[in-house]
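Chemist: Can you read through this structure? Questions will come right after.
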Amino acid sequence: MANLASTFVGIKSPNPFWLASAPPTDKEYNVRRAFEAGWGGVVWKTLGSEGPPVVNVNGPRYGVVYGADRRVLGINNIELITDRPLEVNLREIKSVKRDYPDRALVISLMVPCDEDSWKDILKRIEDTGADGVELNFGCPHGMAERGMGSAVGQVPEYIEMVTRWVKKYSRMPCIVKLTPNITDIRRPAEAAKRGGADAVSLINTINSITSVNLDTFAPEPTIDGKGTHGGYCGPAVKPIALNMVAEIARSRETAGIPISGIGGVTTWRDAAEFMALGAGNVQVCTAAMTYGFKIVQEMISGLSQYMDEKGMTSTAELVGRAVPNVTDWQYLNLNYVTKAVIDQDACIKCGRCYAACEDTSHQAITMSADRTFSVKEEECVACNLCLDVCPVEGCITMRELAVGELDQRTGRKVATYANWTTHPNNPAAQAAE
């Protein structure tokens, strides 16, 4: 099996799969079970200062969005940071790290936005043996109303200021956790880098209301007839997270800063995609809450097998491999042409491709009297909607037209330009002229 050992900002773990700061990492019992199941590291659920006590609701804390067969696509949570005493958490962290020295253990922190509060909490955690700290600048509910969490993460100047305090008063690696509830994720990442952050992690949860009870007319989860916005996570947020990770990885201002990828990681493939887009490791929450801690064993075996098949001997060979292929729309090759092809042997004649194309696309699929579906190449714009809605994997594919082949839709031959960046039809090339 491939070697999955990971070193992230100097923190070593036997694999790149960490549990994110969340309910699964709230106490010693959970974390020990996680390590026994095989997780490479954990980020302990966010600790706060010893000021006014944190009091969580005693009713429902989660709202859910389901897919087919009640598969969990996303969870909205209204839980706050840990409501357990600081001293209890610190004692348990020290105990766990002592017994699992080979596992990564990072402490998530959130305190009021003043220098003394950060100096005090950092001093309190110094002798736990923890490997690093993660600054929770992302939580969008409850704590944000108190001037913490995403209230800090949405202001780059605050991110830079607090990060400087942490680097001033702590010897530990500092990971800044970014909120997705912002227009341009690169700005807070740049601020974290200016402040001296050793890494960034993203994404934290997305501000959301998942559903409304149409009998009580209150958002869910409902507490005594009222509901509130919460933080949304799970497979549904993965596309948003992948884009934001890629934006940081390919930005000139933030290139090179280590990234811990978070957001809907459920399988080894999800993890590999995050890593290919620049994440040095991944953090998981919803998958563990849905399927239990042992899901990491499938992630480990799957990623190992994939790396063996690709001839990769370390995770470092995977990290960032896809970043050079992420570009802006204007640089896409407009002379690249494909056409849909339907495998008649695999087709089950359901007609979904026809309905989708006829009603909402380019009327490029015909249906015969015996329900045989065929592609009209002269109408096909290669949008691949038919492929996306087809319930049979591999039944519809996209055929690339060869250079010089006639595109029946436009009546032009596929261009022979080898370098699209200098092609006269390239908007970027036109702008350069």
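To be explicit about the labels: the chains of the structure tokens are called A, B, and onward in the order shown, and within each one the residues are counted from 1, while ligands get numbers from 1 in the order they are shown.
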Do a neighbour search on Ala272 in chain A at 10 Å with only C-alpha atoms, toss out local chain neighbours closer than 3 positions, and write the hits as a ChimeraX atom specification.

Modeler: /A:265,267-269,275-279,281-282,299,302-303,306-307,315,318-319

Chemist: Using only C-alpha atoms, determine which residues lie at most 7 Å from Cys233 in chain A, disregarding the query and same-chain residues fewer than 5 positions distant; provide the list as a VMD selection string.

Modeler: chain A and resid 74 to 76 205 to 206 263 to 264 286

Chemist: Need the shell around Glu358 in chain A: protein/DNA/RNA residues with any atom at most 12 Å away, counting only C-alpha atoms. Skip same-chain ones fewer than 2 positions apart. Format as JSON, numbers by chain?

Modeler: {"A": [351, 352, 353, 354, 355, 356, 360, 361, 362, 363, 364, 365, 366, 367, 373, 375, 376, 379, 380, 385, 386]}

Chemist: Extract, using only C-alpha atoms, all DNA, RNA and protein residues at most 7 Å from Asn56 in chain A, discarding same-chain residues fewer than 6 positions from it, and format them as a ChimeraX atom specification.

Modeler: /A:79-80,83

Chemist: The selected residues should be written to file as a CSV table (one decimal), in the first residue's frame (atoms: N, CA and C atoms).

Modeler:
```
chain,number,residue,atom,x,y,z
A,79,GLU,N,-25.4,24.5,16.9
A,79,GLU,CA,-24.6,24.3,18.1
A,79,GLU,C,-23.5,25.3,18.2
A,80,LEU,N,-23.2,25.7,19.4
A,80,LEU,CA,-22.2,26.7,19.6
A,80,LEU,C,-20.9,26.0,19.9
A,83,ASP,N,-19.4,23.7,25.4
A,83,ASP,CA,-20.0,24.2,26.6
A,83,ASP,C,-19.4,23.5,27.8
```

Chemist: Using only C-alpha atoms, which residues sit within 6 Å of range 125-137 of chain A once same-chain residues fewer than 6 positions away are excluded, as a list in words?

Modeler: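 Surrounding residues, per the criterion: Lys94, Leu105, Val106, Ile107, Ser108, Leu109, Met110, Gly149, Ser150, Val152, Gly153, Met172, Pro173, Cys174, Ile175, Val176, Lys177 and Leu178 of chain A.
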
Chemist: For a quick check of understanding, using only C-alpha atoms, which of A:Phe35, A:Met1, A:Met244, A:Val337 has the smallest distance to Lys413 in chain A?

Modeler: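 Once distances to Lys413 in chain A are computed over only C-alpha atoms, the minimum belongs to A:Val337.
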
Chemist: For a quick check of understanding, using only C-alpha atoms, which of A:Ala271, A:Glu157, A:Ala22, A:Asp308 has the smallest distance to Val296 in chain A?

Modeler: A:Ala271

Chemist: In terms of the shortest atom-to-atom distance over only C-alpha atoms, which of A:Ala218, A:Val31, A:Phe17, A:Lys349 is closest to Phe274 in chain A?

Modeler: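 Of A:Ala218, A:Val31, A:Phe17, A:Lys349, the one nearest Phe274 in chain A is A:Phe17, counting only C-alpha atoms.
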
Chemist: Find the residues near Asn15 in chain A: any atom within 12 Å, counting only C-alpha atoms, skip ones fewer than 3 places away on the same chain, and give them as a PyMOL selection string.

Modeler: chain A and resi 2-8+11-12+18-19+35+38-42+102-104+268+271+280-283+296-297+299-301+303-304+314-316

Chemist: Give me a file of those residues, with C-alpha atoms, as a PDB file, in the first residue's frame.

Modeler:
```pdb
ATOM      1  CA  ALA A   2       1.087   3.571  -0.665  1.00  0.00           C
ATOM      2  CA  ASN A   3       2.554   5.498   2.231  1.00  0.00           C
ATOM      3  CA  LEU A   4      -0.132   7.901   3.447  1.00  0.00           C
ATOM      4  CA  ALA A   5       2.017   9.474   6.161  1.00  0.00           C
ATOM      5  CA  SER A   6       1.417  13.205   6.180  1.00  0.00           C
ATOM      6  CA  THR A   7       3.358  16.218   7.417  1.00  0.00           C
ATOM      7  CA  PHE A   8       1.292  19.405   7.497  1.00  0.00           C
ATOM      8  CA  ILE A  11       2.583  18.303  12.202  1.00  0.00           C
ATOM      9  CA  LYS A  12       2.960  14.598  11.497  1.00  0.00           C
ATOM     10  CA  TRP A  18      -8.350  14.552  10.257  1.00  0.00           C
ATOM     11  CA  LEU A  19     -11.620  15.064  12.062  1.00  0.00           C
ATOM     12  CA  PHE A  35      -7.928   7.389  16.892  1.00  0.00           C
ATOM     13  CA  GLY A  38      -7.712   5.037  12.326  1.00  0.00           C
ATOM     14  CA  TRP A  39      -8.068   8.806  11.986  1.00  0.00           C
ATOM     15  CA  GLY A  40      -4.730  10.515  11.468  1.00  0.00           C
ATOM     16  CA  GLY A  41      -5.605  13.584  13.496  1.00  0.00           C
ATOM     17  CA  VAL A  42      -8.321  15.672  15.077  1.00  0.00           C
ATOM     18  CA  ASP A 102       1.838   9.742  16.646  1.00  0.00           C
ATOM     19  CA  ARG A 103      -1.540  11.376  15.922  1.00  0.00           C
ATOM     20  CA  ALA A 104      -2.103  15.037  15.103  1.00  0.00           C
ATOM     21  CA  TRP A 268     -11.361   8.783  -0.620  1.00  0.00           C
ATOM     22  CA  ALA A 271     -10.212  13.717  -0.395  1.00  0.00           C
ATOM     23  CA  GLY A 280      -2.185  19.167   2.060  1.00  0.00           C
ATOM     24  CA  ASN A 281      -4.729  17.207   4.088  1.00  0.00           C
ATOM     25  CA  VAL A 282      -8.488  17.083   4.639  1.00  0.00           C
ATOM     26  CA  GLN A 283     -10.813  17.476   7.592  1.00  0.00           C
ATOM     27  CA  VAL A 296     -12.008   6.461   7.671  1.00  0.00           C
ATOM     28  CA  GLN A 297     -10.888   2.893   6.971  1.00  0.00           C
ATOM     29  CA  MET A 299     -10.934   6.391   2.916  1.00  0.00           C
ATOM     30  CA  ILE A 300      -7.493   5.035   3.806  1.00  0.00           C
ATOM     31  CA  SER A 301      -7.769   1.888   1.689  1.00  0.00           C
ATOM     32  CA  LEU A 303      -6.685   6.495  -1.345  1.00  0.00           C
ATOM     33  CA  SER A 304      -3.891   3.928  -0.948  1.00  0.00           C
ATOM     34  CA  SER A 314       3.583   9.806  -1.083  1.00  0.00           C
ATOM     35  CA  THR A 315       0.638  12.171  -0.698  1.00  0.00           C
ATOM     36  CA  ALA A 316       2.935  15.059  -1.588  1.00  0.00           C
TER      37      ALA A 316
END
```

Chemist: Closest to Arg187 in chain A among A:Thr338, A:Ser117, A:Ser251, A:Asn207, using only C-alpha atoms?

Modeler: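 For Arg187 in chain A, the nearest of the given residues is A:Ser251.
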
Chemist: Just asking: which residues within range 175-343 of chain A are helix (DSSP H, G or I) according to DSSP, as a ChimeraX atom specification?

Modeler: /A:186-194,235-250,268-276,286-291,295-310,315-317,323-325,329-331

Chemist: If you run DSSP on the backbone here, which positions in range 53-223 of chain A get strand (DSSP E or B)? Please write them as a PDB file with C-alpha atoms, in the first residue's frame.

Modeler:
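Result file follows (part-v9.pdb):
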```
ATOM      1  CA  TYR A  62     -29.515  19.882  13.453  1.00  0.00           C
ATOM      2  CA  GLY A  63     -31.517  20.416  10.298  1.00  0.00           C
ATOM      3  CA  VAL A  64     -31.036  18.016   7.384  1.00  0.00           C
ATOM      4  CA  VAL A  65     -31.337  18.070   3.599  1.00  0.00           C
ATOM      5  CA  TYR A  66     -31.983  14.595   2.190  1.00  0.00           C
ATOM      6  CA  VAL A  72     -27.836  12.934   3.990  1.00  0.00           C
ATOM      7  CA  LEU A  73     -26.728  15.647   1.572  1.00  0.00           C
ATOM      8  CA  GLY A  74     -26.240  18.381   4.135  1.00  0.00           C
ATOM      9  CA  ILE A  75     -26.580  19.176   7.802  1.00  0.00           C
ATOM     10  CA  ASN A  76     -27.378  22.558   9.286  1.00  0.00           C
ATOM     11  CA  ASN A  77     -26.290  22.932  12.899  1.00  0.00           C
ATOM     12  CA  ALA A 104      -2.103  15.037  15.103  1.00  0.00           C
ATOM     13  CA  LEU A 105      -4.016  16.966  17.743  1.00  0.00           C
ATOM     14  CA  VAL A 106      -4.834  20.591  17.027  1.00  0.00           C
ATOM     15  CA  ILE A 107      -6.884  22.865  19.299  1.00  0.00           C
ATOM     16  CA  SER A 108      -9.546  25.116  17.796  1.00  0.00           C
ATOM     17  CA  LEU A 109      -9.859  28.474  19.548  1.00  0.00           C
ATOM     18  CA  GLY A 132      -1.013  23.360  16.846  1.00  0.00           C
ATOM     19  CA  VAL A 133      -3.912  25.787  17.037  1.00  0.00           C
ATOM     20  CA  GLU A 134      -6.707  26.515  14.589  1.00  0.00           C
ATOM     21  CA  LEU A 135      -8.324  29.948  14.812  1.00  0.00           C
ATOM     22  CA  ASN A 136     -12.063  29.607  14.316  1.00  0.00           C
ATOM     23  CA  CYS A 174      -1.178  28.485  13.548  1.00  0.00           C
ATOM     24  CA  ILE A 175      -3.933  27.445  11.132  1.00  0.00           C
ATOM     25  CA  VAL A 176      -6.554  30.075  10.273  1.00  0.00           C
ATOM     26  CA  LYS A 177     -10.012  28.629   9.538  1.00  0.00           C
ATOM     27  CA  ALA A 199      -1.698  27.545   7.039  1.00  0.00           C
ATOM     28  CA  VAL A 200      -5.364  28.119   6.308  1.00  0.00           C
ATOM     29  CA  SER A 201      -8.253  25.664   6.567  1.00  0.00           C
ATOM     30  CA  LEU A 202     -11.505  25.951   4.641  1.00  0.00           C
ATOM     31  CA  ILE A 206     -22.261  28.171   5.181  1.00  0.00           C
ATOM     32  CA  ASN A 207     -24.911  30.397   6.723  1.00  0.00           C
ATOM     33  CA  SER A 208     -28.245  28.744   6.031  1.00  0.00           C
ATOM     34  CA  SER A 211     -36.182  24.020   5.832  1.00  0.00           C
ATOM     35  CA  VAL A 212     -39.397  25.501   7.196  1.00  0.00           C
ATOM     36  CA  ASN A 213     -42.061  23.476   8.968  1.00  0.00           C
ATOM     37  CA  ALA A 218     -40.955  27.986  11.905  1.00  0.00           C
ATOM     38  CA  PRO A 219     -37.475  27.229  10.540  1.00  0.00           C
ATOM     39  CA  GLU A 220     -36.062  23.818  11.430  1.00  0.00           C
ATOM     40  CA  ILE A 223     -36.761  25.507  19.535  1.00  0.00           C
TER      41      ILE A 223
END
```

Chemist: Report, in Å to a single decimal, how far apart CA of Thr397 in chain A and CA of Gln344 in chain A are.

Modeler: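 Taking CA of Gln344 in chain A as the start and CA of Thr397 in chain A as the end point, the length is 11.7 Å.
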
Chemist: Excluding Glu405 in chain A and its own-chain neighbours fewer than 5 positions away, which residues fall within 10 Å of it when counting only C-alpha atoms? Please give them as a list in words.

Modeler: Val337, Glu400, Arg412, Lys413, Val414, Ala415 and Thr416 of chain A

Chemist: Please produce a file of those selected residues containing C-alpha atoms, as a short mmCIF file (atom, residue, chain, number, x, y, z; two decimals), in the first residue's frame.

Modeler:
```cif
data_model
loop_
_atom_site.label_atom_id
_atom_site.label_comp_id
_atom_site.auth_asym_id
_atom_site.auth_seq_id
_atom_site.Cartn_x
_atom_site.Cartn_y
_atom_site.Cartn_z
CA VAL A 337 -15.30 20.43 -30.03
CA GLU A 400 -13.82 14.67 -29.31
CA ARG A 412 -16.33 24.77 -39.98
CA LYS A 413 -13.46 22.36 -39.62
CA VAL A 414 -11.98 21.95 -36.17
CA ALA A 415 -9.12 24.45 -36.03
CA THR A 416 -5.52 23.28 -36.22
#
```

Chemist: A:Lys226, A:Arg70, A:Arg171, A:Lys238: which is nearest Glu273 in chain A, counting only C-alpha atoms?

Modeler: A:Lys238

Chemist: Pick out the closest residue to Ala192 in chain A from this set: A:His229, A:Lys123, A:Lys97, A:Lys167. Count only C-alpha atoms.

Modeler: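 Answer, going by the shortest atom-to-atom distance: A:Lys167.
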
Chemist: Which distance in Å separates CA of Thr410 in chain A and CA of Ser368 in chain A, to one decimal?

Modeler: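 CA of Ser368 in chain A lies 25.2 Å from CA of Thr410 in chain A.
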